[in-house]
Amino acid sequence: MQPDLIDQPQPTRAGEELDAPKLEAWLTQQFPTLRGPLEVTQFPKGYSNLTYLIRCGEREMVLRRPPFGAKIKSAHDMGREYRILSHLINVYPKVPRPLGFCEDESVLGAPFYVMERVQGVILRAKVPVGTELPPALMKRISESFIENLVAIHAVDYAAAGLGELGRPEGYVT
């Protein structure tokens, strides 16, 4: 797989730094076997919530939190994201495994959660310069995309424990 097709973490953007000592204390409380120096980098692409790569020795996790200064709590509900992943992992194994949720805002200034890191290609509007996508590969990517859409839409959300999440009645008529 071409490295430029995988989002690479970068140094954390100014103003979006995490309190590393507080994060490390929370992580070691949640994961007592965690060893190694804490390293925090940030995934620069994506939208809405902030996404960081957390490394402790050989262990990698992804941390998600709302943007700094976010005022619309419902738009950045980390508890909801964590709850959805916690239920989906049992019926749709392609989601990252949720590892821990923190609603104590004294740790990082907002609720956040950590999940396993799953590496893979993120489809973007523009293909990276120099990337070759021959017709056979594009066909397979397209088929895989449709197969995964079918699989996720076949999930029985109520049986997965997500029936109370919203108001699905009449959502699509």
# chains A, B, ... in the order shown; residues from 1 in each chain; ligands from 1
>>> select_by_dssp(residues="range 6-133 of chain A", states="helix (DSSP H, G or I)", output="ChimeraX atom specification")
/A:20-30,73-76,78-88,105-108
>>> closest_residue(among="A:Leu165, A:Pro11, A:Ala25, A:Ala75", to="Val40 in chain A", atoms="only C-alpha atoms")
A:Pro11
>>> residues_around(residues="range 150-152 of chain A", least_positions_apart="5", cutoff="12 Å", atoms="only C-alpha atoms", output="PyMOL selection string")
chain A and resi 88-89+91-95+143-145+157+160
>>> residues_around(residues="Pro66 in chain A", least_positions_apart="4", cutoff="12 Å", atoms="only C-alpha atoms", output="ChimeraX atom specification")
/A:16,18,47-52,70-79,81,103,105,108-113
>>> write_last_selection(atoms="N, CA and C atoms", output="compact mmCIF listing (two decimals), in the first residue's frame")
# COMPACT_ATOMS: atom_id res chain seq x y z
N GLU A 16 -4.03 23.25 19.73
CA GLU A 16 -4.78 22.00 19.83
C GLU A 16 -3.98 20.93 20.58
N LEU A 18 -2.64 18.64 23.65
CA LEU A 18 -3.27 17.95 24.76
C LEU A 18 -2.35 18.04 25.98
N TYR A 47 -12.62 16.10 9.51
CA TYR A 47 -13.50 17.22 9.79
C TYR A 47 -14.09 17.08 11.18
N SER A 48 -14.61 18.13 11.70
CA SER A 48 -15.37 18.19 12.93
C SER A 48 -14.49 17.93 14.15
N ASN A 49 -14.43 16.71 14.64
CA ASN A 49 -13.71 16.44 15.88
C ASN A 49 -12.21 16.25 15.61
N LEU A 50 -11.41 16.51 16.64
CA LEU A 50 -9.96 16.40 16.52
C LEU A 50 -9.55 14.95 16.76
N THR A 51 -8.56 14.50 16.00
CA THR A 51 -8.13 13.10 16.07
C THR A 51 -6.61 13.06 16.23
N TYR A 52 -6.17 12.31 17.25
CA TYR A 52 -4.76 12.23 17.60
C TYR A 52 -4.30 10.78 17.60
N ALA A 70 -15.49 24.48 21.17
CA ALA A 70 -16.76 24.04 20.57
C ALA A 70 -17.90 24.37 21.53
N LYS A 71 -18.95 24.97 20.99
CA LYS A 71 -20.10 25.38 21.81
C LYS A 71 -21.31 24.47 21.63
N ILE A 72 -21.37 23.75 20.51
CA ILE A 72 -22.54 22.91 20.23
C ILE A 72 -22.22 21.50 20.70
N LYS A 73 -22.60 21.18 21.94
CA LYS A 73 -22.25 19.89 22.54
C LYS A 73 -22.80 18.72 21.74
N SER A 74 -24.03 18.84 21.22
CA SER A 74 -24.63 17.71 20.51
C SER A 74 -23.89 17.39 19.22
N ALA A 75 -23.24 18.37 18.62
CA ALA A 75 -22.51 18.15 17.38
C ALA A 75 -21.18 17.45 17.64
N HIS A 76 -20.72 17.45 18.87
CA HIS A 76 -19.41 16.88 19.20
C HIS A 76 -19.55 15.93 20.40
N ASP A 77 -20.57 15.10 20.38
CA ASP A 77 -20.88 14.22 21.50
C ASP A 77 -19.98 12.99 21.49
N MET A 78 -18.91 13.06 22.26
CA MET A 78 -17.96 11.95 22.31
C MET A 78 -18.58 10.71 22.94
N GLY A 79 -19.47 10.90 23.90
CA GLY A 79 -20.15 9.77 24.51
C GLY A 79 -20.98 9.01 23.49
N GLU A 81 -20.45 8.94 20.15
CA GLU A 81 -19.52 8.23 19.25
C GLU A 81 -19.01 6.95 19.90
N GLU A 103 -15.36 11.25 30.54
CA GLU A 103 -16.24 12.43 30.53
C GLU A 103 -15.76 13.50 31.50
N GLU A 105 -13.96 16.43 32.33
CA GLU A 105 -13.36 17.52 31.55
C GLU A 105 -12.09 18.08 32.19
N LEU A 108 -8.76 16.66 29.93
CA LEU A 108 -8.33 17.32 28.67
C LEU A 108 -9.20 18.50 28.29
N GLY A 109 -10.06 18.95 29.18
CA GLY A 109 -10.89 20.12 28.88
C GLY A 109 -12.19 19.80 28.17
N ALA A 110 -12.41 18.54 27.85
CA ALA A 110 -13.63 18.10 27.16
C ALA A 110 -13.69 16.57 27.26
N PRO A 111 -14.87 16.00 27.10
CA PRO A 111 -14.94 14.53 27.03
C PRO A 111 -14.15 14.03 25.82
N PHE A 112 -13.59 12.83 25.95
CA PHE A 112 -12.83 12.23 24.85
C PHE A 112 -12.91 10.72 24.98
N TYR A 113 -12.49 10.04 23.92
CA TYR A 113 -12.37 8.59 24.01
C TYR A 113 -11.16 8.13 23.22
>>> closest_residue(among="A:Arg55, A:Arg65, A:Arg167, A:Lys126", to="Cys102 in chain A", atoms="only C-alpha atoms")
A:Arg65
>>> select_by_dssp(residues="chain A", states="strand (DSSP E)", output="short mmCIF file (atom, residue, chain, number, x, y, z; two decimals) with all heavy atoms, in the first residue's frame")
data_model
loop_
_atom_site.label_atom_id
_atom_site.label_comp_id
_atom_site.auth_asym_id
_atom_site.auth_seq_id
_atom_site.Cartn_x
_atom_site.Cartn_y
_atom_site.Cartn_z
N LEU A 38 5.01 8.47 26.45
CA LEU A 38 3.81 8.92 25.74
C LEU A 38 4.22 9.85 24.60
O LEU A 38 5.00 10.78 24.80
CB LEU A 38 2.87 9.65 26.70
CG LEU A 38 1.63 10.29 26.06
CD1 LEU A 38 0.68 9.21 25.55
CD2 LEU A 38 0.91 11.18 27.06
N GLU A 39 3.70 9.58 23.43
CA GLU A 39 3.93 10.44 22.26
C GLU A 39 2.56 10.78 21.67
O GLU A 39 1.74 9.89 21.43
CB GLU A 39 4.78 9.69 21.23
CG GLU A 39 5.07 10.51 19.99
CD GLU A 39 5.81 9.69 18.93
OE1 GLU A 39 6.36 8.64 19.24
OE2 GLU A 39 5.80 10.14 17.76
N VAL A 40 2.32 12.07 21.46
CA VAL A 40 1.04 12.53 20.92
C VAL A 40 1.30 13.27 19.63
O VAL A 40 2.06 14.24 19.60
CB VAL A 40 0.30 13.46 21.92
CG1 VAL A 40 -1.00 13.97 21.32
CG2 VAL A 40 0.06 12.76 23.25
N THR A 41 0.68 12.81 18.55
CA THR A 41 0.70 13.52 17.27
C THR A 41 -0.75 13.65 16.81
O THR A 41 -1.65 13.08 17.41
CB THR A 41 1.55 12.77 16.23
OG1 THR A 41 1.14 11.41 16.16
CG2 THR A 41 3.04 12.84 16.57
N GLN A 42 -0.96 14.40 15.77
CA GLN A 42 -2.34 14.70 15.34
C GLN A 42 -2.51 14.34 13.87
O GLN A 42 -1.62 14.58 13.04
CB GLN A 42 -2.60 16.19 15.55
CG GLN A 42 -4.02 16.61 15.31
CD GLN A 42 -4.23 18.09 15.65
OE1 GLN A 42 -3.32 18.90 15.56
NE2 GLN A 42 -5.44 18.43 16.03
N LEU A 50 -11.41 16.51 16.64
CA LEU A 50 -9.96 16.40 16.52
C LEU A 50 -9.55 14.95 16.76
O LEU A 50 -10.10 14.28 17.63
CB LEU A 50 -9.28 17.33 17.52
CG LEU A 50 -9.67 18.80 17.40
CD1 LEU A 50 -9.01 19.62 18.51
CD2 LEU A 50 -9.31 19.35 16.03
N THR A 51 -8.56 14.50 16.00
CA THR A 51 -8.13 13.10 16.07
C THR A 51 -6.61 13.06 16.23
O THR A 51 -5.88 13.70 15.48
CB THR A 51 -8.56 12.36 14.79
OG1 THR A 51 -9.96 12.56 14.58
CG2 THR A 51 -8.29 10.87 14.90
N TYR A 52 -6.17 12.31 17.25
CA TYR A 52 -4.76 12.23 17.60
C TYR A 52 -4.30 10.78 17.60
O TYR A 52 -5.06 9.87 17.93
CB TYR A 52 -4.54 12.78 19.01
CG TYR A 52 -4.94 14.22 19.19
CD1 TYR A 52 -6.26 14.56 19.46
CD2 TYR A 52 -4.00 15.24 19.09
CE1 TYR A 52 -6.64 15.89 19.62
CE2 TYR A 52 -4.37 16.57 19.27
CZ TYR A 52 -5.70 16.89 19.53
OH TYR A 52 -6.07 18.20 19.69
N LEU A 53 -3.03 10.58 17.29
CA LEU A 53 -2.40 9.28 17.46
C LEU A 53 -1.66 9.32 18.79
O LEU A 53 -0.86 10.22 19.04
CB LEU A 53 -1.41 8.97 16.33
CG LEU A 53 -0.64 7.66 16.49
CD1 LEU A 53 -1.60 6.46 16.49
CD2 LEU A 53 0.39 7.51 15.38
N ILE A 54 -1.96 8.35 19.65
CA ILE A 54 -1.33 8.23 20.96
C ILE A 54 -0.44 6.99 20.92
O ILE A 54 -0.91 5.90 20.61
CB ILE A 54 -2.41 8.06 22.07
CG1 ILE A 54 -3.47 9.16 21.98
CG2 ILE A 54 -1.77 7.96 23.44
CD1 ILE A 54 -2.96 10.56 22.15
N ARG A 55 0.84 7.17 21.22
CA ARG A 55 1.76 6.03 21.28
C ARG A 55 2.35 5.95 22.68
O ARG A 55 2.80 6.95 23.23
CB ARG A 55 2.92 6.22 20.30
CG ARG A 55 2.63 5.83 18.91
CD ARG A 55 3.93 5.69 18.09
NE ARG A 55 3.61 5.50 16.70
CZ ARG A 55 3.75 6.43 15.76
NH1 ARG A 55 4.22 7.61 16.06
NH2 ARG A 55 3.42 6.16 14.51
N CYS A 56 2.35 4.76 23.21
CA CYS A 56 3.05 4.45 24.46
C CYS A 56 3.84 3.19 24.18
O CYS A 56 3.26 2.10 24.09
CB CYS A 56 2.07 4.20 25.60
SG CYS A 56 1.30 5.69 26.23
N ARG A 59 2.42 0.37 21.77
CA ARG A 59 0.95 0.47 21.72
C ARG A 59 0.53 1.75 21.04
O ARG A 59 1.01 2.84 21.37
CB ARG A 59 0.39 0.42 23.14
CG ARG A 59 -1.10 0.53 23.26
CD ARG A 59 -1.75 -0.84 23.21
NE ARG A 59 -3.18 -0.79 23.20
CZ ARG A 59 -3.95 -1.04 24.24
NH1 ARG A 59 -3.42 -1.32 25.41
NH2 ARG A 59 -5.26 -1.01 24.12
N GLU A 60 -0.36 1.64 20.06
CA GLU A 60 -0.92 2.80 19.38
C GLU A 60 -2.43 2.83 19.59
O GLU A 60 -3.10 1.80 19.50
CB GLU A 60 -0.65 2.73 17.87
CG GLU A 60 0.79 2.94 17.50
CD GLU A 60 0.98 3.03 15.99
OE1 GLU A 60 0.14 2.51 15.23
OE2 GLU A 60 1.97 3.64 15.59
N MET A 61 -2.94 4.01 19.87
CA MET A 61 -4.37 4.24 20.02
C MET A 61 -4.70 5.56 19.33
O MET A 61 -3.82 6.39 19.10
CB MET A 61 -4.75 4.33 21.50
CG MET A 61 -4.54 3.06 22.28
SD MET A 61 -4.91 3.29 24.03
CE MET A 61 -3.31 3.83 24.63
N VAL A 62 -5.97 5.72 19.04
CA VAL A 62 -6.44 6.97 18.46
C VAL A 62 -7.35 7.64 19.49
O VAL A 62 -8.20 6.99 20.09
CB VAL A 62 -7.21 6.71 17.14
CG1 VAL A 62 -7.87 7.97 16.63
CG2 VAL A 62 -6.24 6.16 16.10
N LEU A 63 -7.14 8.92 19.71
CA LEU A 63 -7.95 9.70 20.64
C LEU A 63 -8.79 10.68 19.84
O LEU A 63 -8.28 11.33 18.92
CB LEU A 63 -7.05 10.45 21.62
CG LEU A 63 -7.74 11.27 22.70
CD1 LEU A 63 -6.92 11.23 23.98
CD2 LEU A 63 -7.99 12.72 22.29
N ARG A 64 -10.06 10.78 20.20
CA ARG A 64 -10.97 11.75 19.56
C ARG A 64 -11.52 12.66 20.64
O ARG A 64 -11.89 12.21 21.71
CB ARG A 64 -12.12 11.03 18.86
CG ARG A 64 -11.68 10.08 17.79
CD ARG A 64 -12.03 10.44 16.41
NE ARG A 64 -13.40 10.85 16.20
CZ ARG A 64 -13.76 11.73 15.29
NH1 ARG A 64 -12.87 12.30 14.51
NH2 ARG A 64 -15.02 12.05 15.12
N ARG A 65 -11.58 13.95 20.33
CA ARG A 65 -12.14 14.95 21.23
C ARG A 65 -12.76 16.07 20.41
O ARG A 65 -12.40 16.25 19.24
CB ARG A 65 -11.11 15.49 22.20
CG ARG A 65 -9.96 16.25 21.53
CD ARG A 65 -9.39 17.36 22.39
NE ARG A 65 -10.34 18.45 22.50
CZ ARG A 65 -10.46 19.25 23.54
NH1 ARG A 65 -9.68 19.12 24.58
NH2 ARG A 65 -11.34 20.23 23.56
N PRO A 98 -13.48 0.30 20.52
CA PRO A 98 -13.40 1.37 21.51
C PRO A 98 -12.68 0.85 22.76
O PRO A 98 -12.92 -0.28 23.19
CB PRO A 98 -14.86 1.71 21.79
CG PRO A 98 -15.62 0.49 21.43
CD PRO A 98 -14.84 -0.20 20.35
N LEU A 99 -11.81 1.66 23.34
CA LEU A 99 -10.99 1.20 24.46
C LEU A 99 -11.31 1.91 25.77
O LEU A 99 -11.15 1.32 26.83
CB LEU A 99 -9.51 1.38 24.13
CG LEU A 99 -9.03 0.66 22.87
CD1 LEU A 99 -7.60 1.07 22.53
CD2 LEU A 99 -9.14 -0.85 23.07
N GLY A 100 -11.71 3.15 25.72
CA GLY A 100 -12.01 3.88 26.95
C GLY A 100 -12.62 5.23 26.66
O GLY A 100 -12.31 5.86 25.66
N PHE A 101 -13.51 5.65 27.57
CA PHE A 101 -14.19 6.94 27.44
C PHE A 101 -13.96 7.74 28.72
O PHE A 101 -14.03 7.19 29.83
CB PHE A 101 -15.69 6.71 27.23
CG PHE A 101 -16.51 7.98 27.24
CD1 PHE A 101 -16.36 8.92 26.24
CD2 PHE A 101 -17.42 8.23 28.26
CE1 PHE A 101 -17.11 10.09 26.26
CE2 PHE A 101 -18.17 9.39 28.28
CZ PHE A 101 -18.01 10.32 27.27
N CYS A 102 -13.72 9.03 28.58
CA CYS A 102 -13.52 9.91 29.73
C CYS A 102 -14.44 11.11 29.59
O CYS A 102 -14.32 11.88 28.64
CB CYS A 102 -12.07 10.38 29.80
SG CYS A 102 -11.75 11.51 31.18
N PHE A 112 -13.59 12.83 25.95
CA PHE A 112 -12.83 12.23 24.85
C PHE A 112 -12.91 10.72 24.98
O PHE A 112 -13.35 10.18 25.99
CB PHE A 112 -11.37 12.69 24.86
CG PHE A 112 -10.58 12.22 26.04
CD1 PHE A 112 -9.85 11.04 26.00
CD2 PHE A 112 -10.56 12.95 27.23
CE1 PHE A 112 -9.12 10.60 27.08
CE2 PHE A 112 -9.83 12.52 28.33
CZ PHE A 112 -9.12 11.34 28.26
N TYR A 113 -12.49 10.04 23.92
CA TYR A 113 -12.37 8.59 24.01
C TYR A 113 -11.16 8.13 23.22
O TYR A 113 -10.62 8.88 22.39
CB TYR A 113 -13.65 7.87 23.56
CG TYR A 113 -13.97 7.95 22.08
CD1 TYR A 113 -13.54 6.95 21.21
CD2 TYR A 113 -14.70 9.00 21.56
CE1 TYR A 113 -13.85 7.01 19.86
CE2 TYR A 113 -15.01 9.07 20.22
CZ TYR A 113 -14.58 8.06 19.37
OH TYR A 113 -14.88 8.12 18.03
N VAL A 114 -10.73 6.90 23.53
CA VAL A 114 -9.64 6.29 22.79
C VAL A 114 -10.15 4.99 22.18
O VAL A 114 -11.04 4.33 22.73
CB VAL A 114 -8.38 6.04 23.65
CG1 VAL A 114 -7.73 7.34 24.06
CG2 VAL A 114 -8.69 5.19 24.87
N MET A 115 -9.61 4.67 21.03
CA MET A 115 -9.98 3.45 20.31
C MET A 115 -8.72 2.88 19.70
O MET A 115 -7.68 3.55 19.63
CB MET A 115 -11.02 3.76 19.23
CG MET A 115 -10.55 4.74 18.18
SD MET A 115 -11.89 5.15 17.03
CE MET A 115 -11.32 6.71 16.40
N GLU A 116 -8.83 1.62 19.25
CA GLU A 116 -7.68 1.01 18.60
C GLU A 116 -7.40 1.75 17.29
O GLU A 116 -8.29 2.37 16.71
CB GLU A 116 -7.93 -0.47 18.32
CG GLU A 116 -8.92 -0.73 17.21
CD GLU A 116 -9.10 -2.21 16.90
OE1 GLU A 116 -8.18 -3.01 17.15
OE2 GLU A 116 -10.17 -2.56 16.41
#
>>> atom_distance(atom1="CA of Met138 in chain A", atom2="CA of Leu123 in chain A")
11.7 Å
>>> decode(residues="range 19-63 of chain A", atoms="N, CA and C atoms", output="compact mmCIF listing (two decimals), in the first residue's frame")
# COMPACT_ATOMS: atom_id res chain seq x y z
N ASP A 19 -2.93 18.06 27.17
CA ASP A 19 -2.16 18.06 28.40
C ASP A 19 -1.59 16.66 28.61
N ALA A 20 -0.36 16.46 28.15
CA ALA A 20 0.25 15.13 28.14
C ALA A 20 0.34 14.50 29.53
N PRO A 21 0.76 15.22 30.58
CA PRO A 21 0.81 14.59 31.90
C PRO A 21 -0.57 14.11 32.39
N LYS A 22 -1.60 14.90 32.18
CA LYS A 22 -2.94 14.48 32.60
C LYS A 22 -3.43 13.31 31.75
N LEU A 23 -3.15 13.34 30.46
CA LEU A 23 -3.55 12.24 29.59
C LEU A 23 -2.81 10.96 29.99
N GLU A 24 -1.52 11.07 30.23
CA GLU A 24 -0.74 9.90 30.62
C GLU A 24 -1.26 9.31 31.93
N ALA A 25 -1.61 10.15 32.89
CA ALA A 25 -2.15 9.65 34.16
C ALA A 25 -3.46 8.91 33.93
N TRP A 26 -4.32 9.46 33.08
CA TRP A 26 -5.61 8.80 32.79
C TRP A 26 -5.36 7.47 32.07
N LEU A 27 -4.48 7.48 31.08
CA LEU A 27 -4.20 6.26 30.31
C LEU A 27 -3.65 5.15 31.21
N THR A 28 -2.70 5.49 32.08
CA THR A 28 -2.12 4.45 32.93
C THR A 28 -3.12 3.94 33.96
N GLN A 29 -4.08 4.77 34.33
CA GLN A 29 -5.15 4.30 35.22
C GLN A 29 -6.06 3.33 34.48
N GLN A 30 -6.37 3.62 33.22
CA GLN A 30 -7.24 2.77 32.41
C GLN A 30 -6.54 1.51 31.93
N PHE A 31 -5.27 1.63 31.62
CA PHE A 31 -4.49 0.53 31.04
C PHE A 31 -3.23 0.33 31.88
N PRO A 32 -3.34 -0.37 33.01
CA PRO A 32 -2.20 -0.49 33.94
C PRO A 32 -0.96 -1.13 33.34
N THR A 33 -1.11 -1.91 32.27
CA THR A 33 0.07 -2.55 31.67
C THR A 33 0.74 -1.68 30.62
N LEU A 34 0.23 -0.49 30.39
CA LEU A 34 0.79 0.42 29.38
C LEU A 34 2.20 0.83 29.79
N ARG A 35 3.14 0.68 28.90
CA ARG A 35 4.54 1.01 29.18
C ARG A 35 5.12 1.82 28.03
N GLY A 36 6.05 2.67 28.38
CA GLY A 36 6.76 3.44 27.36
C GLY A 36 6.42 4.90 27.43
N PRO A 37 7.25 5.71 26.82
CA PRO A 37 6.99 7.15 26.84
C PRO A 37 5.75 7.49 26.00
N LEU A 38 5.01 8.47 26.45
CA LEU A 38 3.81 8.92 25.74
C LEU A 38 4.22 9.85 24.60
N GLU A 39 3.70 9.58 23.43
CA GLU A 39 3.93 10.44 22.26
C GLU A 39 2.56 10.78 21.67
N VAL A 40 2.32 12.07 21.46
CA VAL A 40 1.04 12.53 20.92
C VAL A 40 1.30 13.27 19.63
N THR A 41 0.68 12.81 18.55
CA THR A 41 0.70 13.52 17.27
C THR A 41 -0.75 13.65 16.81
N GLN A 42 -0.96 14.40 15.77
CA GLN A 42 -2.34 14.70 15.34
C GLN A 42 -2.51 14.34 13.87
N PHE A 43 -3.69 13.78 13.58
CA PHE A 43 -4.04 13.56 12.18
C PHE A 43 -4.58 14.88 11.64
N PRO A 44 -3.93 15.43 10.61
CA PRO A 44 -4.27 16.78 10.17
C PRO A 44 -5.51 16.87 9.29
N LYS A 45 -5.95 15.75 8.71
CA LYS A 45 -7.09 15.80 7.81
C LYS A 45 -8.33 15.36 8.57
N GLY A 46 -9.45 15.46 7.93
CA GLY A 46 -10.70 15.07 8.59
C GLY A 46 -11.46 16.32 8.98
N TYR A 47 -12.62 16.10 9.51
CA TYR A 47 -13.50 17.22 9.79
C TYR A 47 -14.09 17.08 11.18
N SER A 48 -14.61 18.13 11.70
CA SER A 48 -15.37 18.19 12.93
C SER A 48 -14.49 17.93 14.15
N ASN A 49 -14.43 16.71 14.64
CA ASN A 49 -13.71 16.44 15.88
C ASN A 49 -12.21 16.25 15.61
N LEU A 50 -11.41 16.51 16.64
CA LEU A 50 -9.96 16.40 16.52
C LEU A 50 -9.55 14.95 16.76
N THR A 51 -8.56 14.50 16.00
CA THR A 51 -8.13 13.10 16.07
C THR A 51 -6.61 13.06 16.23
N TYR A 52 -6.17 12.31 17.25
CA TYR A 52 -4.76 12.23 17.60
C TYR A 52 -4.30 10.78 17.60
N LEU A 53 -3.03 10.58 17.29
CA LEU A 53 -2.40 9.28 17.46
C LEU A 53 -1.66 9.32 18.79
N ILE A 54 -1.96 8.35 19.65
CA ILE A 54 -1.33 8.23 20.96
C ILE A 54 -0.44 6.99 20.92
N ARG A 55 0.84 7.17 21.22
CA ARG A 55 1.76 6.03 21.28
C ARG A 55 2.35 5.95 22.68
N CYS A 56 2.35 4.76 23.21
CA CYS A 56 3.05 4.45 24.46
C CYS A 56 3.84 3.19 24.18
N GLY A 57 5.14 3.35 23.98
CA GLY A 57 5.95 2.21 23.59
C GLY A 57 5.47 1.69 22.25
N GLU A 58 5.12 0.41 22.19
CA GLU A 58 4.65 -0.20 20.95
C GLU A 58 3.14 -0.04 20.75
N ARG A 59 2.42 0.37 21.77
CA ARG A 59 0.95 0.47 21.72
C ARG A 59 0.53 1.75 21.04
N GLU A 60 -0.36 1.64 20.06
CA GLU A 60 -0.92 2.80 19.38
C GLU A 60 -2.43 2.83 19.59
N MET A 61 -2.94 4.01 19.87
CA MET A 61 -4.37 4.24 20.02
C MET A 61 -4.70 5.56 19.33
N VAL A 62 -5.97 5.72 19.04
CA VAL A 62 -6.44 6.97 18.46
C VAL A 62 -7.35 7.64 19.49
N LEU A 63 -7.14 8.92 19.71
CA LEU A 63 -7.95 9.70 20.64
C LEU A 63 -8.79 10.68 19.84
